[in-house]
Structure formats: C-alpha cells, structure tokens
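So this one's model-v4.txt, compact mmCIF, C-alpha atoms:
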```txt
# COMPACT_ATOMS: atom_id res chain seq x y z
CA MET A 1 45.35 104.62 44.18
CA ARG A 2 47.63 107.60 44.49
CA ALA A 3 44.63 109.82 45.10
CA ARG A 4 43.42 107.54 47.89
CA VAL A 5 46.73 107.82 49.70
CA ALA A 6 46.66 111.58 49.31
CA TYR A 7 43.10 111.77 50.58
CA PHE A 8 43.99 109.55 53.52
CA GLY A 9 46.81 111.93 54.38
CA VAL A 10 44.48 114.92 54.17
CA PHE A 11 41.90 113.22 56.36
CA THR A 12 44.54 112.30 58.93
CA ALA A 13 45.82 115.87 58.97
CA LEU A 14 42.29 117.22 59.38
CA ALA A 15 41.54 114.84 62.25
CA LEU A 16 44.81 115.85 63.94
CA ILE A 17 44.06 119.55 63.50
CA PHE A 18 40.64 119.06 65.04
CA SER A 19 42.21 117.22 67.97
CA TYR A 20 44.64 120.11 68.35
CA VAL A 21 41.94 122.77 68.17
CA GLU A 22 40.01 120.88 70.80
CA SER A 23 43.02 120.61 73.09
CA LEU A 24 43.42 124.39 72.76
CA ILE A 25 39.82 125.22 73.54
CA PRO A 26 38.65 122.71 76.09
CA PHE A 27 34.92 122.24 75.97
CA GLN A 28 34.56 123.29 79.60
CA ILE A 29 31.14 122.72 81.01
CA GLY A 30 32.26 121.71 84.47
CA ILE A 31 32.13 117.97 83.92
CA PRO A 32 35.55 116.35 83.69
CA GLY A 33 36.05 114.00 80.77
CA VAL A 34 33.33 115.47 78.60
CA LYS A 35 34.62 116.73 75.30
CA LEU A 36 33.00 117.71 72.05
CA GLY A 37 35.06 115.22 70.04
CA LEU A 38 35.62 117.38 66.99
CA ALA A 39 37.89 114.76 65.44
CA ASN A 40 34.94 112.39 65.31
CA LEU A 41 33.50 114.64 62.63
CA ILE A 42 36.27 113.45 60.33
CA ILE A 43 35.78 109.85 61.40
CA VAL A 44 32.07 110.03 60.56
CA ILE A 45 32.85 111.55 57.16
CA ALA A 46 35.44 108.83 56.56
CA LEU A 47 32.91 106.16 57.50
CA TYR A 48 30.63 107.36 54.73
CA LYS A 49 33.28 108.20 52.15
CA MET A 50 36.00 105.58 52.62
CA SER A 51 36.13 101.85 53.07
CA LEU A 52 35.63 100.53 56.59
CA ARG A 53 39.24 99.37 56.71
CA GLU A 54 40.48 102.86 55.95
CA ALA A 55 38.12 104.38 58.50
CA TYR A 56 39.59 102.12 61.21
CA LEU A 57 43.12 102.91 60.12
CA LEU A 58 42.34 106.62 60.18
CA SER A 59 40.80 106.38 63.64
CA VAL A 60 43.76 104.51 65.15
CA THR A 61 46.31 106.77 63.44
CA ARG A 62 44.48 109.82 64.71
CA VAL A 63 44.33 108.58 68.31
CA VAL A 64 47.97 107.49 68.47
CA LEU A 65 49.34 110.65 66.85
CA SER A 66 47.21 113.11 68.78
CA GLY A 67 47.87 111.14 71.95
CA PHE A 68 51.62 111.52 71.58
CA LEU A 69 51.37 115.14 70.46
CA PHE A 70 48.84 116.63 72.84
CA SER A 71 48.55 114.36 75.85
CA ASN A 72 50.20 111.30 77.31
CA LEU A 73 50.66 107.61 76.68
CA PHE A 74 48.07 106.63 79.24
CA SER A 75 45.32 108.66 77.64
CA ILE A 76 45.94 106.84 74.35
CA LEU A 77 44.63 103.69 76.00
CA TYR A 78 41.36 105.39 76.91
CA SER A 79 41.03 107.15 73.58
CA LEU A 80 41.71 104.00 71.62
CA ALA A 81 39.07 102.02 73.48
CA GLY A 82 36.56 104.81 72.99
CA ALA A 83 37.43 105.34 69.34
CA LEU A 84 37.27 101.65 68.41
CA ALA A 85 34.01 101.02 70.30
CA SER A 86 32.53 104.11 68.72
CA LEU A 87 33.58 103.27 65.16
CA THR A 88 32.46 99.65 65.45
CA VAL A 89 28.98 100.59 66.60
CA MET A 90 28.72 103.30 63.95
CA ALA A 91 29.71 100.85 61.23
CA VAL A 92 27.15 98.31 62.44
CA LEU A 93 24.34 100.89 62.57
CA LYS A 94 25.26 102.22 59.15
CA ARG A 95 25.13 98.72 57.71
CA THR A 96 21.86 97.93 59.51
CA GLY A 97 20.27 100.82 57.67
CA GLY A 98 17.40 103.08 58.68
CA PHE A 99 19.65 105.42 60.63
CA SER A 100 20.58 108.86 59.40
CA VAL A 101 24.11 110.26 59.65
CA THR A 102 23.01 112.06 62.81
CA GLY A 103 21.71 108.86 64.39
CA VAL A 104 24.90 106.98 63.58
CA SER A 105 26.95 109.81 65.05
CA ILE A 106 24.87 109.85 68.25
CA ALA A 107 25.52 106.13 68.75
CA GLY A 108 29.20 106.80 68.09
CA GLY A 109 29.34 109.64 70.60
CA VAL A 110 27.69 107.54 73.30
CA MET A 111 29.86 104.48 72.64
CA HIS A 112 32.99 106.61 72.71
CA ASN A 113 32.21 107.45 76.32
CA VAL A 114 31.07 103.94 77.23
CA GLY A 115 34.27 102.41 75.82
CA GLN A 116 36.41 104.77 77.87
CA LEU A 117 34.40 104.10 81.00
CA ILE A 118 34.85 100.34 80.61
CA VAL A 119 38.62 100.78 80.35
CA ALA A 120 38.50 103.06 83.38
CA MET A 121 36.70 100.32 85.32
CA PHE A 122 39.47 97.86 84.48
CA VAL A 123 42.26 100.30 85.25
CA VAL A 124 40.85 101.50 88.57
CA GLN A 125 39.52 98.00 89.38
CA THR A 126 36.25 99.33 90.68
CA PHE A 127 32.68 99.73 89.65
CA SER A 128 32.29 102.90 91.64
CA VAL A 129 32.84 104.90 88.45
CA SER A 130 29.45 103.58 87.39
CA TYR A 131 27.80 106.63 88.90
CA TYR A 132 29.23 108.42 85.90
CA ILE A 133 27.25 106.36 83.38
CA PRO A 134 24.16 108.62 83.16
CA VAL A 135 26.31 111.73 82.79
CA LEU A 136 28.46 110.19 80.08
CA LEU A 137 25.47 108.77 78.21
CA ALA A 138 23.75 112.14 78.13
CA ALA A 139 26.97 113.92 77.21
CA GLY A 140 27.66 111.45 74.40
CA LEU A 141 24.14 111.97 73.13
CA VAL A 142 24.54 115.74 72.94
CA THR A 143 28.04 115.78 71.45
CA GLY A 144 27.10 113.01 69.01
CA LEU A 145 24.08 115.03 67.94
CA VAL A 146 26.15 118.17 67.35
CA ILE A 147 28.82 116.26 65.43
CA GLY A 148 26.15 114.35 63.54
CA VAL A 149 24.34 117.46 62.34
CA ALA A 150 27.65 118.95 61.23
CA ALA A 151 28.73 115.74 59.48
CA ASP A 152 25.33 115.47 57.80
CA SER A 153 25.60 119.00 56.45
CA MET A 154 29.14 118.33 55.22
CA LEU A 155 28.23 115.07 53.54
CA ARG A 156 25.40 116.81 51.67
CA ARG A 157 27.96 119.19 50.20
CA LEU A 158 30.65 116.58 49.55
CA THR A 159 28.71 114.69 46.90
CA GLY A 160 31.47 115.40 44.39
CA LEU A 161 34.06 113.69 46.58
CA GLU A 162 34.42 110.09 45.47
CA LEU A 163 36.99 107.87 47.14
CA MET B 1 14.57 115.28 47.27
CA MET B 2 16.68 115.73 50.35
CA GLU B 3 16.96 112.87 52.78
CA LYS B 4 15.41 113.55 56.16
CA ARG B 5 17.88 114.62 58.79
CA LEU B 6 16.40 112.51 61.54
CA LYS B 7 14.73 109.21 60.77
CA LYS B 8 12.37 107.15 62.88
CA LYS B 9 15.12 104.78 64.05
CA ASP B 10 17.19 107.79 65.13
CA ILE B 11 14.40 108.98 67.40
CA ILE B 12 14.05 105.48 68.84
CA LEU B 13 17.81 105.38 69.45
CA ILE B 14 17.76 108.74 71.24
CA ILE B 15 14.84 107.69 73.43
CA LEU B 16 16.57 104.39 74.20
CA ILE B 17 19.78 106.14 75.28
CA LEU B 18 17.84 108.55 77.48
CA LEU B 19 15.96 105.63 79.06
CA VAL B 20 19.18 103.76 79.82
CA ALA B 21 20.71 106.92 81.28
CA ALA B 22 17.64 107.53 83.44
CA GLY B 23 17.59 103.87 84.49
CA ALA B 24 21.26 103.93 85.46
CA TRP B 25 20.70 107.12 87.40
CA ILE B 26 17.70 105.74 89.29
CA LEU B 27 19.56 102.48 89.98
CA HIS B 28 22.47 104.44 91.35
CA GLU B 29 20.22 106.56 93.56
CA VAL B 30 18.61 103.41 94.99
CA LEU B 31 21.91 101.59 95.51
CA LYS B 32 23.50 104.64 97.07
CA ASP B 33 21.07 104.56 99.98
CA ALA B 34 21.44 100.85 100.56
CA GLY B 35 25.19 101.00 100.26
CA SER B 36 25.95 103.98 102.44
CA GLY B 37 28.12 103.38 105.40
CA ILE B 38 28.14 102.70 109.08
CA ALA B 39 29.76 104.53 111.94
CA VAL B 40 31.88 102.33 114.19
CA ILE B 41 32.34 103.71 117.67
CA ARG B 42 35.18 102.69 119.97
CA VAL B 43 35.94 103.97 123.43
CA ASP B 44 39.40 103.37 124.85
CA GLY B 45 39.94 100.79 122.12
CA ALA B 46 36.88 98.79 123.17
CA PHE B 47 34.12 98.28 120.64
CA GLU B 48 30.99 100.22 121.58
CA GLY B 49 28.65 99.78 118.62
CA THR B 50 27.92 100.40 114.97
CA TYR B 51 25.26 102.74 113.67
CA SER B 52 23.88 103.03 110.16
CA LEU B 53 24.37 106.41 108.53
CA ASN B 54 20.93 106.04 106.97
CA GLU B 55 19.06 106.53 110.21
CA ASP B 56 19.08 109.97 111.70
CA GLU B 57 19.76 109.74 115.40
CA GLU B 58 21.79 111.11 118.27
CA ILE B 59 24.06 108.70 120.10
CA SER B 60 25.30 109.26 123.59
CA ILE B 61 28.80 107.83 123.91
CA ASN B 62 30.77 106.95 127.00
CA ASP B 63 27.98 107.76 129.47
CA GLY B 64 27.31 111.06 127.83
CA THR B 65 30.76 112.58 127.59
CA ASN B 66 30.29 112.78 123.81
CA ILE B 67 27.21 113.01 121.64
CA LEU B 68 27.34 111.96 117.99
CA ARG B 69 24.63 113.10 115.62
CA ILE B 70 23.88 111.18 112.43
CA ARG B 71 21.97 113.20 109.90
CA ASN B 72 21.63 113.06 106.11
CA GLY B 73 24.07 110.16 105.89
CA LYS B 74 26.80 112.03 107.76
CA ALA B 75 28.12 111.72 111.28
CA LYS B 76 29.14 114.71 113.36
CA MET B 77 30.18 115.09 116.97
CA ILE B 78 27.93 117.73 118.45
CA GLU B 79 28.93 117.61 122.09
CA ALA B 80 32.01 116.74 124.09
CA ASP B 81 32.87 117.60 127.66
CA CYS B 82 36.54 118.02 126.93
CA PRO B 83 38.11 121.50 126.98
CA ASP B 84 39.64 121.58 123.49
CA GLN B 85 36.44 120.73 121.53
CA LEU B 86 38.51 119.61 118.54
CA CYS B 87 36.16 116.80 117.61
CA VAL B 88 33.13 119.08 117.80
CA ASN B 89 34.74 121.56 115.47
CA GLN B 90 35.56 118.88 112.92
CA LYS B 91 33.41 118.62 109.81
CA ALA B 92 30.79 115.91 109.41
CA VAL B 93 32.23 112.65 108.05
CA SER B 94 30.71 110.15 105.62
CA GLY B 95 33.49 108.82 103.35
CA ASN B 96 35.17 105.45 103.84
CA GLY B 97 38.00 105.61 106.35
CA GLU B 98 37.15 109.07 107.63
CA SER B 99 37.07 109.42 111.37
CA ILE B 100 36.33 111.69 114.28
CA ILE B 101 38.60 111.29 117.24
CA CYS B 102 38.19 112.74 120.69
CA LEU B 103 41.51 112.17 122.40
CA PRO B 104 40.73 113.33 125.96
CA ASN B 105 37.78 110.90 126.19
CA ARG B 106 39.46 108.29 123.97
CA VAL B 107 36.45 108.13 121.69
CA ILE B 108 36.97 107.06 118.10
CA VAL B 109 34.25 107.21 115.46
CA GLU B 110 35.26 105.61 112.20
CA ILE B 111 33.23 105.40 109.01
CA GLN B 112 33.12 102.22 106.98
CA SER B 113 31.51 102.90 103.66
CA ARG B 114 31.62 102.01 100.02
CA GLN B 115 31.58 105.69 99.33
CA GLU B 116 35.16 106.88 98.87
CA SER B 117 36.30 109.91 100.77
CA GLY B 118 36.65 113.02 98.66
CA TYR B 119 39.95 113.89 97.09
CA ASP B 120 41.71 117.06 98.08
CA ALA B 121 43.09 117.35 94.56
CA VAL B 122 43.56 115.28 91.45
CA THR B 123 46.63 115.64 89.30
CA ASN B 124 46.90 114.46 85.76
```
Starting from the coordinates I provided, produce the structure as structure tokens.
Amino acid sequence: MRARVAYFGVFTALALIFSYVESLIPFQIGIPGVKLGLANLIIVIALYKMSLREAYLLSVTRVVLSGFLFSNLFSILYSLAGALASLTVMAVLKRTGGFSVTGVSIAGGVMHNVGQLIVAMFVVQTFSVSYYIPVLLAAGLVTGLVIGVAADSMLRRLTGLEL
Amino acid sequence: MMEKRLKKKDIILIILILLVAAGAWILHEVLKDAGSGIAVIRVDGAFEGTYSLNEDEEISINDGTNILRIRNGKAKMIEADCPDQLCVNQKAVSGNGESIICLPNRVIVEIQSRQESGYDAVTN
C-alpha cells in the first residue's frame, strides 16, 4: 500500500514534468491547438500498470496541477474534457481486447482532441469550429501513434514494475 | 515471443479515423460552397438587390456609377466614378458583416455570410 502511494506520487511528478517540458518546447507545426501530449505517455503507462481508478485520478490530478502551474483556469476545462474522453475510450479499447498499446494510444490521442473540440463548441456556441475536425483527427492520429510507440517500448522494458 | 506492435484491429482503427477525417473534410468542402454568403447592395439607403457570392459576375450599380465584381466567392468594387476611389482601393470582402462603402455615390455593399470575418489578432 505504501509503495502504491509512492508510485502514484512518482507518476504524478513525471506527468507534471512532461507537461512542463511540453510547455517549454511548444510542438510548433503552424496549427494552433495541436500538441504532442507528452503527459499522455504517462497516462498510457498508468492505464496498463495501475488500476483504472488510479489512472483516472492520475489524469485529473495531472490536468488540474499543470493547468494551474503552466496555463490558466479556462484551459483546465478543455484539458479535462480531452483527458477524460481520451482515458475513457482507451480503457474501453483496452478491455475490448485485440488492440495493441499503440492502437489504444491512437484512439486516446484522437479522443483527446475530439473532447476538447466538443467543449469548444459549447463554449463558443457555434458549430463553425467543425471545420477543424479533420485537422484535429489527423493530428490526434499522429501524436497518438508517436506516444503509443514510445509507451509500447517503455512497457516492454517495465515488466519488472508491478503495481 | 514479442507481441506484435501493430495488430489487425489497430490498422482498422487507423483506417477508420482517416476515413472519418476525410469524410468530415469533404462534407465541409461541400457545405462551404452552399453556405457561402450573399452581397446585399443598397443605394441611398434603398434596397437594390442581393447577389450570391458563388456566381462570378459583374454588377452595374446605380446606373453604372459603380461596378462590383464577384469572383471566387469574394466581392470587390472595380469601378467608381467618384474622385477619391476609396471603395475601389479596398480589399475584396467575403466575411460576414464586411462591407464596401462608396460615400460619394451612397452605395453600400454588405456581405451576409455564415463565414466569419477574419480576426486581426487573437489574444490568449
């Protein structure tokens, strides 16, 4: 039990550091709103190494803390919607079976963007942001793939880590 | 035996996402044409007519004092008989609420469109 708490702390710290690193080096490819989502690497690892409850807790903690530290209150709303949509879909796909870590991560990356876009539609009260859907889907696919390959490689080496 | 990095369902998922993205893009391209705006022309406050921005044409306004050209979904004043030529020098308009106004001839061209006018800047 004590080890679980310690591990949770380490995971939270890692996710925060990744958020920080990302805020330092924006993944600038000329499309606003598209980010690599380094912190999702930790979330994917947590999904496979921790209980689902802990993964959710980690995700929410990460979003709230990094939101207050590196951006503003309003962005927490977007991040939270994206993070929860992403984690939920990843958990479902993982339970369904037949998907690799990379596949689960791709779905997570895409849903992260979709969740944020849905919140944006409610906030701006317009569907005109819908022109952004193809861009965000493709971006989520690519970032999810990158994160997925990385998470896959990490999980192959973390076989000794039992939580 | 190492597990495969990409499984069959993963490939299906990727293809599905790409299809949805392509579908959304095509849908948007189609809707964009149908939803683009109209130019409302008024002379001296009186309603003169509306013209779709989809059809390329040249419109003679106010018995030829001004000529408005619609091309590629944008409206631009190409001729005016007034001395200042302010409206002619203005850029082509297409966004909702944008307008071209020729004060000497009292000609007003206003765009009504679902397409929002471009922002000058966005702050965060």
Long-range neighbours of Gly148 (chain A) as a list in words, 8 Å cut-off, only C-alpha atoms, 5 positions minimum in chain: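 That gives Leu41, Val44, Val101, Thr102, Gly103, Val104, Ser105 and Ile106 of chain A.
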May I have the residues of chain A within 6 Å of chain B, counting only C-alpha atoms, written as a list in words?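 Within 6 Å of chain B on chain A, we get Phe99, Ser100, Gly103, Pro134 and Leu137 of chain A.
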Name the residues in contact with region 35-50 of chain B at a cut-off of 8 Å, using all atoms listed in the file, excluding same-chain residues fewer than 3 positions from it; report them as a CSV table (one decimal) with C-alpha atoms, in the frame of the given file.
```csv
chain,number,residue,atom,x,y,z
B,31,LEU,CA,21.9,101.6,95.5
B,32,LYS,CA,23.5,104.6,97.1
B,53,LEU,CA,24.4,106.4,108.5
B,54,ASN,CA,20.9,106.0,107.0
B,62,ASN,CA,30.8,107.0,127.0
B,73,GLY,CA,24.1,110.2,105.9
B,75,ALA,CA,28.1,111.7,111.3
B,94,SER,CA,30.7,110.2,105.6
B,95,GLY,CA,33.5,108.8,103.4
B,96,ASN,CA,35.2,105.4,103.8
B,105,ASN,CA,37.8,110.9,126.2
B,106,ARG,CA,39.5,108.3,124.0
B,107,VAL,CA,36.4,108.1,121.7
B,108,ILE,CA,37.0,107.1,118.1
B,109,VAL,CA,34.2,107.2,115.5
B,110,GLU,CA,35.3,105.6,112.2
B,111,ILE,CA,33.2,105.4,109.0
B,112,GLN,CA,33.1,102.2,107.0
B,113,SER,CA,31.5,102.9,103.7
B,114,ARG,CA,31.6,102.0,100.0
B,115,GLN,CA,31.6,105.7,99.3
```
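CA of Asn89 (chain B) sits 13.2 Å away from CA of Arg69 (chain B).
Take the candidates B:Cys102, B:Lys76, B:Val93, B:Gln85 and check each one against Glu58 (chain B) using only C-alpha atoms; the shortest distance goes to B:Lys76.
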Name the residues in contact with Asp81 (chain B) at a cut-off of 9 Å, using all atoms listed in the file, excluding same-chain residues fewer than 5 positions from it; report them as a ChimeraX atom specification. /B:64-66,105
Residues within 12 Å of Thr88 (chain A), please, as a PyMOL selection string. Count all atoms listed in the file; anything in the same chain fewer than 5 positions from it doesn't count. chain A and resi 43-44+47+52-53+55-56+59+80-83+93-95+104-105+107-109+111-112+115
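For the pair CA of Val34 (chain A) and CA of Leu69 (chain A), the interatomic distance is 19.8 Å.
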